[in-house]
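Student: Below is the structure I would like to discuss, written out as structure tokens.
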Amino acid sequence: MQIQTWTFIIVGLTFALYIGIAIWSRAGSTKDFYVAGGGVSPLANGLATAADWMSAASFLGMAGIIAFSGYDGSVYLMGWTGGYVLLALLLAPYLRKFGKFTVPDFIGDRYYSNVARTVAVIAALFVSFTYVAGQMRGVGVVFSRFLEVDINTGVVIGMVIVLFYAVLGGMKGITYTQVAQYCVLIFAFMVPAIFISLLATGNPVPQLGMGSTGNDGIYLLDKLDGLMTELGFRAYTDGSKSKIDVFFITAALMMGTAGLPHVIIRFFTVPKVKDARKSAGYALLFIAILYTTAPAIAVFARTNLMETVQDTPYKEIPAWFTKWEDTGLIAWTDKNGDGKIQYLPGSSITGKKPLFLEERGLHGERTIYNDSDTANELYVDRDITVLANPEIANLPNWVIALVAAGGLAAALSTAAGLLLVISTSVSHDLIKKQLAPNISDRKELLIARISAVFAVIVAGYFGINPPGFVASVVALAFGLAASSFFPAIVMGIFSKRMNREGAISGMIGGLAIASYYIARFKLGWIGSPETSTSNEWWFGISPEGFGTVGMLVNFVIAILVSRFTAPPPEEVQEIVENIRIPSGAGDAIEH
Amino acid sequence: MDSLQRKKYWQENLKYLSILLLIWFLVSYGFGILFVDELNAIRIGGFKLGFWFAQQGAIYVFVILIFVYVFLMNKLDKKYKVNE
């Protein structure tokens, strides 16, 4: 059967499954809608959190980023997993005991202030909107690659599906669809990985295969390092970033992960404090399966690429090469006129994407008109690493279709989680808690559904017309979460002395300095382009790592200000005492 | 549970947290970043040790740390009778 047919069948089946689950798990009350009734088992919540967490970028992009950056890619591996340790040890159990619906709920009550609540709502909305725009785009990209529909049509299809189960089921619908989505995405990721590991090393476990010997008896990593240094690349296992930058980026991603509202609220859905701890462990375990496989895929893919293409005449290149060339993800220009492919350091093109001409070249290749003057002849899009895997390993067509379904599952599950944060921020934190405290549960539920619809439409709009800053979404979302929520929540639990004045000024200070730095060095909105280069970075820290500085600034300001202002009132100190003791969380959610 | 008991429970919890977070810091920021070059001199199979910690080992330790924490806290909750 054709790949296209398989893709329609498998994607269609998974979508039918998601919709079926949504109908089965409709939300009847705000408690269902916000926290799935608080009755999700730790295992199911772990699965849902893993799907929620792993986005289109994790599924399709991460192995590619690592394949093309080697050791430098470790910041994402450690950063996006290490945050769960912080979440499990410092945040999840206490927030579960606190037993409310949202992150601004905690900030607002703990700091007895609607100003703090509003700052938290704005930060939550900002973080979630930047993040969700990228997800909707991801849905569109997967659709256009695999089903040959227009990206915009893909975004609209994605919107309709998410709309259906997020609006109908709220957190309850999202949770159980995410469980299904995790199963789809991990299966789709692991099947090709296991086959490729077997092919490359004879070991079916990719994590072990990565450190094994290839068919020629040489360790794979040694061979790759050798291939790369021989051609003038930096060795795969060595880094190019400064230590301080690697340190700060990893820290920003960890604290950011622990501070992302759509991850935190998942821990409100389990019945007990004990379950919150355990489900964080399950979540990381399920995430780790993909995150430890990705670097293995990266090594196989990079080695395979270097061995296959280097000095190979274009006429003898395998079929997958020309197939991806047709989609524009690979481009080759015969710069030295020998008819063979030379893959060397430096970009083979000027600009970010190859720009193709209509006519074919001497050897039948697609010609481009933006080739650069480096000796490198090959452009390879990083996304190809996961996408081309099944073909490189000669796997059957249904596996390729499975990868499409996996990519969609990853993007949809994350988008749904984010949309829920947006809709609860509006219906619960803004309307119920501030504007109209007396509305009934049914009305609040209706408003939550309406704001979910609204959020999907806005997210879809950004997916179709991505604003310029979407490329920097990761730096933005993580930097802002790390410099606002993480310190405010941690101090709210671990310091009884931390008060309203300290927390608000800390959050504003942290957000301000992190936004300034990103606007200055990442977006180029402030200062001239000449002074926005990496030479001007403070202490050599990149914008991606600056969230760590924002977090430190937040802590310092908060502690200083709180020492010079009145301690929090007695009843707030009692809240802190109370959340530190795990028993009695079951009732706390009724309020 | 009186306030003395609460204090003791909290102190023990903080002790666990510091030990576990110290290990968390050591395997990632320590082995994977700050001392990566020194550890890369040591090899385990096809892996340089520092590189292994950065791309594999740290993640395995993270998972183990959370489950150890779950185990320790369940025991602590029972000891102070705050378990459910």
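Labels for the structure tokens follow display order: chains A, B, ..., residues from 1 in each chain, ligands from 1.
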Show me, as a list of chain:residue names, the residues that have an atom within 6 Å of stretch 30-41 of chain B when counting only C-alpha atoms, minus same-chain residues fewer than 6 positions from it.
Tutor: B:Lys48, B:Leu49, B:Gly50, B:Phe53, B:Ala54
Student: Counting only C-alpha atoms, give me one row per residue of chain A with an atom at most 6 Å from an atom of chain B, showing the shortest contact pair and its distance in Å to one decimal, sorted by chain then residue number, as CSV.
Tutor:
residue,atom,partner,partner_atom,distance
A:Ser74,CA,B:Gln55,CA,5.5
A:Gly211,CA,B:Gly46,CA,4.3
A:Ser212,CA,B:Gly46,CA,5.6
A:Tyr219,CA,B:Gly46,CA,5.2
A:Gly281,CA,B:Ile66,CA,5.3
A:Leu285,CA,B:Val63,CA,5.8
A:Thr292,CA,B:Gln56,CA,5.7
A:Ser583,CA,B:Val82,CA,5.1
Student: From the set A:Val85, A:Ala514, A:Trp537, A:Ile526, which residue has the shortest atom-to-atom contact distance to A:Asn554, counting only C-alpha atoms?
Tutor: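 Closest to A:Asn554 of all the choices is A:Ala514.
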Student: So how far away is atom CA of A:Ala180 from atom CA of A:Leu284, in Å?
Tutor: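 Those two atoms sit 17.1 Å apart.
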Student: Considering only helix (DSSP H, G or I) as DSSP defines it on the backbone, what residues of stretch 158-251 of chain A qualify? List them as a PyMOL selection string.
Tutor: chain A and resi 158-201+206-209+220-230+243-251
Student: Let me make sure I understand: among A:Thr367, A:Asn499, A:Thr118, A:Thr308, which one has the smallest atom-to-atom distance to A:Leu227 if we use only C-alpha atoms?
Tutor: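 Smallest separation from A:Leu227 among the options: A:Thr308.
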Student: May I ask for the distance between atom CA of A:Val103 and atom CA of A:Ile265, given in Å to one decimal place?
Tutor: 7.0 Å
